[in-house]
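A.B. asks: Handing you a structure now.
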Amino acid sequence: MSPVRIIGAGLAGSEAAWQCARRGVLVELWEMRPVRPTPAHQTDHFAELVCSNSLKSDTENTAPWLLKEEMRRAGSLLMEIAGVCVVPAGHALAVDRVTFARKVTEAISREPLITIRREEVTRIHEDELTIIATGPLTSDALSQEIAHLSGSTHLYFHDSISPIVEADSIDMSKVYMAARYDRGTADYINCPLTKEEYDHFYDALLSAESVEERDWEKLNYFESCLPIEEIARRGRDTLRFGPMKPVGLKDPRTGRQPYAVVQLRQENLRADSYNLVGFQNHLKFGEQSRVLRLIPGLENARFLRYGQIHRNTYINGPALLRETLQMKHHPRIFFAGQICGVEGYVESIATGLMAGVHAAALACGSDPVAVPRATAFGSLVHYVTHAGADNFQPANITFDLLPPLEARVRDRQQRRRLQCKLALEEFQGWLDVGTGALARPGRAKLGCRRRANL
Ligand SMILES: Cc1cc2nc3c(=O)[nH]c(=O)nc-3n(C[C@H](O)[C@H](O)[C@H](O)COP(=O)(O)OP(=O)(O)OC[C@H]3O[C@@H](n4cnc5c(N)ncnc54)[C@H](O)[C@@H]3O)c2cc1C
């Protein structure tokens, strides 16, 4: 049996490779780093988290929790590793990004059924079982090949990276620790601003110089990841309703809610660096240090990384993909991760897991079974394959993507609890019958049950 060819050992590709191997299916995993770097990755590790270190809320009965819970139940390698690299972040699941990527790389490298090739892939062979998981920064040559294969042009937009500061450069006498509405532990550093400080910051931000746009890059920001200066341009108060929202963040020293707040989230287990939450921007580095040092507590901040902006590449999922993430016209080719039209780390891992399960089924001579619509997995894929193709935009997992309950339930919390319960029941049904070799080892052609050795 020929191996499944997986292109890209990021979040989706690593998880996909693991799922194939768990089912006894041989994998060739192609990763171009470090031979050819990307503008955002800083290491040659697999599954590197390029910006925030948060895998979003892990509060029960939220949509990101449901997606993660389904992954945990499906035996996700990356969720298992995330669980042992946790750093405090209130109700969010945040990880030490270096340990996380190192452990994923080690686990994948130890797996005898996975052969790693450190090379850029530039050609796709339609008859070879392939998962394309090259992410938002897919290399140019492969992008052209995908455009050729899909018969359509790519859509481009931009994502931005938030700045990171060294912890001991923050003036702790001017800030306070708190979690919004006291939910979870008080892990965030909050920099409070008075009206005068906010106005001063706002004016400086608006007059700051941006990085020049290159001709080939037409700025077309994704609404949920706007640069702060772009949000600010929409009105003097827009930041106070977005990344500088003060509600639920009472300053314990004054007993009052500040006029505006900048939140900083711990970056690593050593707690020696913090990122400015939601402060992705497109300003020149010198301008960033000038403007961000106007924030109380950050007057002498040392920046470990400045905000940046990058291209995002994704295909038109509704036009090209089936619910099993196979191409409609080339069923041996799968797409997973950000490139298939999802947005976010967790969503990328989830689609990698699905593509791995489906490709393994095909490799074993079975038909892939789509995940039920009522699950978080199924809803995400339903969006990717059924949203309007004319103006398709990638999506995060939210309750909006899940189908409404048949019975009307007025209480929002109760409704969500029921949706999650139903989703997990349906998901279990899929695990029992739809995931092939692992769920029913006896029926697999090459089935061999493996345990994570972390
Ligand atoms: C700058 C930036 C910041 C982001 N910040 C966040 C964030 O804070 N939170 C969040 O939830 N999401 C964020 N995202 C979105 C997304 O969740 C991440 O990009 C995520 O890593 C996507 O996972 P992936 O597996 O699809 O791609 P990746 O993790 O990027 O993996 C793709 C891999 O494919 C490799 N590759 C590319 N082309 C080739 C080729 N031709 N041959 C071989 N290998 C190739 C790359 O080197 C890379 O290792 C961000 C994206 C970008 C670009």
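Residue numbers start at 1 in each chain; chains themselves are named A, B, ... in the order of the structure tokens; ligands are numbered from 1 in the order shown.
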Please provide as a ChimeraX atom specification all residues within 9 Å of A:Gly90, with the sequence filter that same-chain residues fewer than 5 positions apart are discarded (counting only C-alpha atoms).
C.D. replies: /A:57,179,183-188
A.B. asks: Throw together the list of residues within 7 Å of ligand 1, counting only C-alpha atoms and all ligand atoms, and drop it here as an MDAnalysis selection string.
C.D. replies: chainID A and resid 7:13 30:33 37:38 40 46:55 119:122 133:139 141:142 159:161 309:312 336:339 343:346 348:349
A.B. asks: Which residues come within 9 Å of stretch 415-419 of chain A, counting only C-alpha atoms, excluding same-chain residues fewer than 4 positions away, as a list of chain:residue names?
C.D. replies: A:Glu60, A:Asn61, A:Thr62, A:Ala63, A:Ala374, A:Thr375, A:Phe399, A:Leu402, A:Pro403, A:Pro404, A:Leu405, A:Arg408, A:Val409, A:Arg410, A:Asp411, A:Ala423, A:Leu424
A.B. asks: Can you check which residues of stretch 126-281 of chain A DSSP gives as helix (DSSP H, G or I) on the backbone and send them as a PyMOL selection string?
C.D. replies: chain A and resi 140-150+167-169+172-174+180-182+195-207+223-225+228-233+238-241
A.B. asks: Could you save the residues just selected, with N, CA and C atoms, as a compact mmCIF listing (two decimals), in the first residue's frame?
C.D. replies:
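part28.txt was written with the following content:
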# COMPACT_ATOMS: atom_id res chain seq x y z
N ASP A 140 4.73 29.81 -2.45
CA ASP A 140 4.20 30.35 -3.71
C ASP A 140 4.06 29.27 -4.79
N ALA A 141 5.10 28.43 -4.89
CA ALA A 141 5.08 27.42 -5.96
C ALA A 141 3.91 26.46 -5.76
N LEU A 142 3.70 26.06 -4.52
CA LEU A 142 2.58 25.13 -4.27
C LEU A 142 1.24 25.85 -4.44
N SER A 143 1.17 27.12 -4.08
CA SER A 143 -0.07 27.88 -4.29
C SER A 143 -0.46 27.86 -5.77
N GLN A 144 0.53 28.04 -6.62
CA GLN A 144 0.25 28.02 -8.06
C GLN A 144 -0.26 26.66 -8.49
N GLU A 145 0.35 25.62 -7.93
CA GLU A 145 -0.06 24.25 -8.27
C GLU A 145 -1.50 24.00 -7.81
N ILE A 146 -1.83 24.49 -6.61
CA ILE A 146 -3.19 24.31 -6.09
C ILE A 146 -4.18 25.08 -6.96
N ALA A 147 -3.81 26.29 -7.36
CA ALA A 147 -4.67 27.09 -8.23
C ALA A 147 -4.92 26.34 -9.54
N HIS A 148 -3.88 25.69 -10.05
CA HIS A 148 -3.99 24.92 -11.28
C HIS A 148 -4.95 23.74 -11.07
N LEU A 149 -4.78 23.05 -9.94
CA LEU A 149 -5.57 21.86 -9.63
C LEU A 149 -7.04 22.21 -9.40
N SER A 150 -7.27 23.30 -8.69
CA SER A 150 -8.64 23.65 -8.32
C SER A 150 -9.35 24.40 -9.42
N ALA A 167 8.35 40.31 30.70
CA ALA A 167 7.57 40.53 31.92
C ALA A 167 8.23 41.54 32.87
N ASP A 168 9.57 41.43 33.01
CA ASP A 168 10.18 42.31 34.01
C ASP A 168 10.35 43.74 33.50
N SER A 169 9.87 44.01 32.30
CA SER A 169 9.90 45.41 31.83
C SER A 169 8.54 46.09 32.03
N MET A 172 4.75 46.96 37.34
CA MET A 172 3.64 46.29 38.00
C MET A 172 2.90 47.19 38.99
N SER A 173 3.49 48.35 39.33
CA SER A 173 2.80 49.25 40.27
C SER A 173 1.64 49.96 39.57
N LYS A 174 1.61 49.93 38.23
CA LYS A 174 0.56 50.65 37.51
C LYS A 174 -0.52 49.72 36.95
N ARG A 180 -11.71 38.76 33.36
CA ARG A 180 -12.95 39.48 33.09
C ARG A 180 -14.12 38.85 33.85
N TYR A 181 -14.87 39.65 34.52
CA TYR A 181 -16.00 39.22 35.36
C TYR A 181 -15.56 38.20 36.42
N ASP A 182 -14.28 38.21 36.76
CA ASP A 182 -13.72 37.27 37.75
C ASP A 182 -13.95 35.82 37.35
N LYS A 195 -9.46 58.56 30.74
CA LYS A 195 -9.94 59.13 29.46
C LYS A 195 -8.80 59.92 28.79
N GLU A 196 -8.06 60.69 29.58
CA GLU A 196 -6.98 61.51 29.01
C GLU A 196 -5.90 60.59 28.40
N GLU A 197 -5.56 59.54 29.13
CA GLU A 197 -4.53 58.61 28.61
C GLU A 197 -5.02 57.91 27.35
N TYR A 198 -6.29 57.56 27.35
CA TYR A 198 -6.86 56.89 26.17
C TYR A 198 -6.81 57.82 24.96
N ASP A 199 -7.25 59.06 25.15
CA ASP A 199 -7.28 60.02 24.04
C ASP A 199 -5.87 60.24 23.49
N HIS A 200 -4.91 60.34 24.39
CA HIS A 200 -3.53 60.56 23.97
C HIS A 200 -3.04 59.36 23.15
N PHE A 201 -3.33 58.16 23.66
CA PHE A 201 -2.93 56.94 22.97
C PHE A 201 -3.61 56.85 21.59
N TYR A 202 -4.90 57.15 21.59
CA TYR A 202 -5.69 57.05 20.36
C TYR A 202 -5.12 57.98 19.27
N ASP A 203 -4.83 59.23 19.66
CA ASP A 203 -4.31 60.19 18.67
C ASP A 203 -2.95 59.73 18.14
N ALA A 204 -2.12 59.21 19.05
CA ALA A 204 -0.79 58.75 18.63
C ALA A 204 -0.91 57.55 17.68
N LEU A 205 -1.86 56.68 17.98
CA LEU A 205 -2.06 55.48 17.15
C LEU A 205 -2.49 55.88 15.73
N LEU A 206 -3.43 56.81 15.66
CA LEU A 206 -3.94 57.21 14.35
C LEU A 206 -2.88 57.91 13.50
N SER A 207 -1.97 58.60 14.17
CA SER A 207 -0.97 59.33 13.38
C SER A 207 0.29 58.48 13.14
N GLU A 223 -12.38 40.20 9.38
CA GLU A 223 -13.07 41.03 10.38
C GLU A 223 -12.66 40.73 11.82
N SER A 224 -12.47 39.45 12.18
CA SER A 224 -12.20 39.14 13.58
C SER A 224 -10.72 39.27 13.93
N CYS A 225 -9.90 39.68 13.00
CA CYS A 225 -8.46 39.79 13.29
C CYS A 225 -7.93 41.12 12.75
N ILE A 228 -5.14 46.95 15.19
CA ILE A 228 -5.76 47.94 16.09
C ILE A 228 -5.93 49.29 15.41
N GLU A 229 -4.97 49.66 14.55
CA GLU A 229 -5.09 50.99 13.94
C GLU A 229 -6.29 51.03 12.98
N GLU A 230 -6.61 49.86 12.41
CA GLU A 230 -7.76 49.77 11.49
C GLU A 230 -9.07 49.89 12.32
N ILE A 231 -9.08 49.24 13.48
CA ILE A 231 -10.26 49.36 14.36
C ILE A 231 -10.41 50.81 14.80
N ALA A 232 -9.28 51.44 15.16
CA ALA A 232 -9.32 52.82 15.66
C ALA A 232 -9.86 53.77 14.61
N ARG A 233 -9.52 53.51 13.35
CA ARG A 233 -9.99 54.40 12.27
C ARG A 233 -11.50 54.41 12.16
N THR A 238 -14.22 52.93 19.23
CA THR A 238 -14.32 51.52 18.77
C THR A 238 -13.37 50.60 19.53
N LEU A 239 -12.17 51.09 19.85
CA LEU A 239 -11.23 50.24 20.60
C LEU A 239 -11.78 49.89 21.98
N ARG A 240 -12.53 50.84 22.58
CA ARG A 240 -13.08 50.60 23.92
C ARG A 240 -14.20 49.55 23.90
N PHE A 241 -14.68 49.24 22.70
CA PHE A 241 -15.67 48.16 22.57
C PHE A 241 -15.02 46.91 21.96
A.B. asks: Would you pick out the contacts of A:Val384 at 10 Å or less, using only C-alpha atoms, so that residues sharing its chain but fewer than 3 positions from it are not included, and give the list as an mmCIF file with C-alpha atoms, in the first residue's frame?
C.D. replies:
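Output contents, as saved in part-v6.cif:
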data_model
loop_
_atom_site.group_PDB
_atom_site.id
_atom_site.type_symbol
_atom_site.label_atom_id
_atom_site.label_comp_id
_atom_site.auth_asym_id
_atom_site.auth_seq_id
_atom_site.Cartn_x
_atom_site.Cartn_y
_atom_site.Cartn_z
ATOM 1 C CA ILE A 315 -9.323 27.739 -1.010
ATOM 2 C CA ASN A 316 -12.971 28.178 -1.796
ATOM 3 C CA GLY A 317 -14.218 25.223 0.291
ATOM 4 C CA PRO A 318 -17.899 25.407 -0.737
ATOM 5 C CA ALA A 319 -16.946 25.206 -4.417
ATOM 6 C CA LEU A 320 -14.255 22.574 -4.102
ATOM 7 C CA LEU A 321 -14.748 20.238 -1.128
ATOM 8 C CA ARG A 322 -16.993 17.403 0.010
ATOM 9 C CA GLU A 323 -17.985 17.013 3.663
ATOM 10 C CA LEU A 325 -12.674 17.309 3.065
ATOM 11 C CA CYS A 340 -9.450 24.498 3.710
ATOM 12 C CA GLY A 341 -11.333 27.557 4.976
ATOM 13 C CA VAL A 342 -11.331 27.372 8.757
ATOM 14 C CA GLY A 378 -19.634 18.365 11.536
ATOM 15 C CA SER A 379 -20.812 21.953 11.848
ATOM 16 C CA LEU A 380 -17.409 23.356 11.015
ATOM 17 C CA VAL A 381 -17.147 21.187 7.927
ATOM 18 C CA ALA A 387 -21.395 28.519 2.964
ATOM 19 C CA GLY A 388 -21.960 30.918 0.066
ATOM 20 C CA ALA A 389 -19.168 30.345 -2.464
ATOM 21 C CA PHE A 392 -16.553 32.761 1.181
ATOM 22 C CA GLN A 393 -14.637 33.685 4.353
ATOM 23 C CA PRO A 394 -13.012 31.281 6.836
ATOM 24 C CA ALA A 395 -14.790 30.720 10.153
#
A.B. asks: Could you tell me which of A:Leu283, A:Val175, A:Met79, A:Leu66 comes closest to A:Pro227 if we count only C-alpha atoms?
C.D. replies: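 Smallest separation from A:Pro227 among the options: A:Leu283.
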A.B. asks: Between A:Tyr314, A:Phe335, A:Tyr176, A:Trp430, which one has atoms that come closest to A:Ala370, using only C-alpha atoms?
C.D. replies: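 Smallest distance to A:Ala370 is found for A:Trp430.
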A.B. asks: If you run DSSP on the backbone here, which positions in stretch 291-447 of chain A get strand (DSSP E or B)? Please write them as a PyMOL selection string.
C.D. replies: chain A and resi 303-305+308-314+321+326-327+333-335+342+395
A.B. asks: For the residues in that selection, give me N, CA, C and O atoms as a PDB file, in the first residue's frame.
C.D. replies:
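Here's the written file out-v6.pdb:
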ATOM      1  N   PHE A 303      10.357  44.956  23.930  1.00  0.00           N
ATOM      2  CA  PHE A 303       9.556  44.137  23.015  1.00  0.00           C
ATOM      3  C   PHE A 303      10.367  42.935  22.534  1.00  0.00           C
ATOM      4  O   PHE A 303      11.454  43.096  21.983  1.00  0.00           O
ATOM      5  N   LEU A 304       9.824  41.750  22.762  1.00  0.00           N
ATOM      6  CA  LEU A 304      10.471  40.535  22.264  1.00  0.00           C
ATOM      7  C   LEU A 304      10.048  40.291  20.822  1.00  0.00           C
ATOM      8  O   LEU A 304      10.752  39.679  20.036  1.00  0.00           O
ATOM      9  N   ARG A 305       8.851  40.768  20.505  1.00  0.00           N
ATOM     10  CA  ARG A 305       8.342  40.618  19.139  1.00  0.00           C
ATOM     11  C   ARG A 305       7.368  41.770  18.890  1.00  0.00           C
ATOM     12  O   ARG A 305       6.598  42.129  19.775  1.00  0.00           O
ATOM     13  N   GLN A 308       2.875  42.097  13.540  1.00  0.00           N
ATOM     14  CA  GLN A 308       3.174  41.992  12.100  1.00  0.00           C
ATOM     15  C   GLN A 308       1.927  41.609  11.331  1.00  0.00           C
ATOM     16  O   GLN A 308       0.916  41.253  11.929  1.00  0.00           O
ATOM     17  N   ILE A 309       2.071  41.606  10.041  1.00  0.00           N
ATOM     18  CA  ILE A 309       0.921  41.254   9.211  1.00  0.00           C
ATOM     19  C   ILE A 309       1.347  40.304   8.087  1.00  0.00           C
ATOM     20  O   ILE A 309       2.441  40.434   7.571  1.00  0.00           O
ATOM     21  N   HIS A 310       0.499  39.336   7.807  1.00  0.00           N
ATOM     22  CA  HIS A 310       0.890  38.317   6.828  1.00  0.00           C
ATOM     23  C   HIS A 310      -0.251  37.907   5.926  1.00  0.00           C
ATOM     24  O   HIS A 310      -1.409  38.071   6.260  1.00  0.00           O
ATOM     25  N   ARG A 311       0.146  37.310   4.831  1.00  0.00           N
ATOM     26  CA  ARG A 311      -0.837  36.805   3.888  1.00  0.00           C
ATOM     27  C   ARG A 311      -1.529  35.570   4.455  1.00  0.00           C
ATOM     28  O   ARG A 311      -0.953  34.825   5.235  1.00  0.00           O
ATOM     29  N   ASN A 312      -2.743  35.367   4.109  1.00  0.00           N
ATOM     30  CA  ASN A 312      -3.444  34.133   4.465  1.00  0.00           C
ATOM     31  C   ASN A 312      -3.972  33.521   3.178  1.00  0.00           C
ATOM     32  O   ASN A 312      -4.614  34.190   2.396  1.00  0.00           O
ATOM     33  N   THR A 313      -3.687  32.271   2.970  1.00  0.00           N
ATOM     34  CA  THR A 313      -4.117  31.590   1.746  1.00  0.00           C
ATOM     35  C   THR A 313      -5.163  30.553   2.088  1.00  0.00           C
ATOM     36  O   THR A 313      -4.961  29.769   3.009  1.00  0.00           O
ATOM     37  N   TYR A 314      -6.270  30.560   1.398  1.00  0.00           N
ATOM     38  CA  TYR A 314      -7.262  29.494   1.609  1.00  0.00           C
ATOM     39  C   TYR A 314      -8.048  29.271   0.335  1.00  0.00           C
ATOM     40  O   TYR A 314      -8.149  30.155  -0.511  1.00  0.00           O
ATOM     41  N   LEU A 321     -14.890  21.388  -2.050  1.00  0.00           N
ATOM     42  CA  LEU A 321     -14.748  20.238  -1.128  1.00  0.00           C
ATOM     43  C   LEU A 321     -16.050  19.509  -0.825  1.00  0.00           C
ATOM     44  O   LEU A 321     -17.122  20.108  -0.794  1.00  0.00           O
ATOM     45  N   GLN A 326     -12.532  15.892   1.079  1.00  0.00           N
ATOM     46  CA  GLN A 326     -11.949  15.464  -0.199  1.00  0.00           C
ATOM     47  C   GLN A 326     -12.358  16.463  -1.266  1.00  0.00           C
ATOM     48  O   GLN A 326     -13.455  17.046  -1.178  1.00  0.00           O
ATOM     49  N   MET A 327     -11.518  16.619  -2.308  1.00  0.00           N
ATOM     50  CA  MET A 327     -11.930  17.484  -3.413  1.00  0.00           C
ATOM     51  C   MET A 327     -13.038  16.795  -4.197  1.00  0.00           C
ATOM     52  O   MET A 327     -13.000  15.581  -4.409  1.00  0.00           O
ATOM     53  N   ILE A 333      -7.517  13.672  -3.110  1.00  0.00           N
ATOM     54  CA  ILE A 333      -6.857  14.856  -2.540  1.00  0.00           C
ATOM     55  C   ILE A 333      -7.741  15.462  -1.448  1.00  0.00           C
ATOM     56  O   ILE A 333      -8.905  15.785  -1.701  1.00  0.00           O
ATOM     57  N   PHE A 334      -7.176  15.606  -0.260  1.00  0.00           N
ATOM     58  CA  PHE A 334      -7.883  16.221   0.882  1.00  0.00           C
ATOM     59  C   PHE A 334      -7.236  17.572   1.202  1.00  0.00           C
ATOM     60  O   PHE A 334      -6.038  17.750   0.980  1.00  0.00           O
ATOM     61  N   PHE A 335      -8.031  18.474   1.777  1.00  0.00           N
ATOM     62  CA  PHE A 335      -7.477  19.724   2.329  1.00  0.00           C
ATOM     63  C   PHE A 335      -7.776  19.751   3.821  1.00  0.00           C
ATOM     64  O   PHE A 335      -8.869  19.334   4.245  1.00  0.00           O
ATOM     65  N   VAL A 342     -10.999  27.128   7.346  1.00  0.00           N
ATOM     66  CA  VAL A 342     -11.331  27.372   8.757  1.00  0.00           C
ATOM     67  C   VAL A 342     -10.365  28.428   9.276  1.00  0.00           C
ATOM     68  O   VAL A 342      -9.353  28.725   8.643  1.00  0.00           O
ATOM     69  N   ALA A 395     -14.026  30.521   8.912  1.00  0.00           N
ATOM     70  CA  ALA A 395     -14.790  30.720  10.153  1.00  0.00           C
ATOM     71  C   ALA A 395     -14.157  30.000  11.328  1.00  0.00           C
ATOM     72  O   ALA A 395     -13.520  28.954  11.175  1.00  0.00           O
TER      73      ALA A 395
END
A.B. asks: Check the smallest atom-to-atom distance from each of A:Val27, A:Val262, A:Ile116, A:Asp127 to A:His329 using only C-alpha atoms, then report the winner.
C.D. replies: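 Smallest separation from A:His329 among the options: A:Asp127.
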A.B. asks: Rank A:Glu267, A:Ala208, A:Ala359, A:Met1 by their smallest atom-to-atom distance to A:Cys85, using only C-alpha atoms, and report the top residue only.
C.D. replies: A:Glu267
A.B. asks: Would you compute the distance between atom CA of A:Pro296 and atom CA of A:Pro192? Give it in Å to one decimal.
C.D. replies: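 These atoms are spaced 6.7 Å apart.
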A.B. asks: Compile the contact shell of A:Ala360 as a compact mmCIF listing (two decimals) with N, CA and C atoms, in the first residue's frame: residues with an atom at most 7 Å away, counting only C-alpha atoms, same-chain residues fewer than 2 positions apart removed.
C.D. replies:
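Heads up, here's the output in around-v2.txt:
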# COMPACT_ATOMS: atom_id res chain seq x y z
N CYS A 20 -3.49 8.92 10.89
CA CYS A 20 -3.24 7.86 9.91
C CYS A 20 -2.40 6.75 10.55
N ARG A 23 -3.94 4.33 12.79
CA ARG A 23 -4.77 3.32 12.11
C ARG A 23 -3.92 2.36 11.28
N VAL A 25 -1.68 3.10 9.06
CA VAL A 25 -1.47 3.53 7.67
C VAL A 25 -0.13 4.28 7.57
N GLY A 356 -7.20 13.17 8.46
CA GLY A 356 -6.39 11.98 8.74
C GLY A 356 -7.26 10.73 8.83
N VAL A 357 -8.38 10.84 9.55
CA VAL A 357 -9.29 9.70 9.71
C VAL A 357 -9.84 9.27 8.34
N HIS A 358 -10.29 10.27 7.56
CA HIS A 358 -10.90 9.95 6.26
C HIS A 358 -9.88 9.38 5.27
N LEU A 362 -9.81 5.66 3.39
CA LEU A 362 -9.64 5.45 1.95
C LEU A 362 -8.44 4.53 1.69
N ALA A 363 -7.36 4.76 2.45
CA ALA A 363 -6.16 3.93 2.27
C ALA A 363 -6.45 2.47 2.60
N CYS A 364 -7.40 2.24 3.51
CA CYS A 364 -7.74 0.87 3.91
C CYS A 364 -8.87 0.30 3.06
A.B. asks: So that I can see what lies close to A:Ile114, please list as a ChimeraX atom specification the residues with an atom at most 7 Å from it, counting only C-alpha atoms and leaving out residues fewer than 2 positions away in the same chain.
C.D. replies: /A:21,26-29,111-112,116
A.B. asks: Since we have the selection now, will you write its residues out, keeping C-alpha atoms, as a short mmCIF file (atom, residue, chain, number, x, y, z; two decimals), in the first residue's frame?
C.D. replies:
data_model
loop_
_atom_site.label_atom_id
_atom_site.label_comp_id
_atom_site.auth_asym_id
_atom_site.auth_seq_id
_atom_site.Cartn_x
_atom_site.Cartn_y
_atom_site.Cartn_z
CA ALA A 21 -0.42 6.17 11.80
CA LEU A 26 1.95 4.55 6.36
CA VAL A 27 2.57 8.30 6.05
CA GLU A 28 5.07 10.49 4.24
CA LEU A 29 5.03 13.86 5.98
CA GLU A 111 6.38 7.14 15.13
CA PRO A 112 7.77 4.34 12.89
CA ILE A 116 9.54 12.77 7.52
#
A.B. asks: When distances are computed from only C-alpha atoms, which of A:Ala16, A:Leu422, A:Leu431, A:Ile124 shows the smallest separation from A:Leu78?
C.D. replies: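 For A:Leu78, the nearest of the candidates is A:Ala16.
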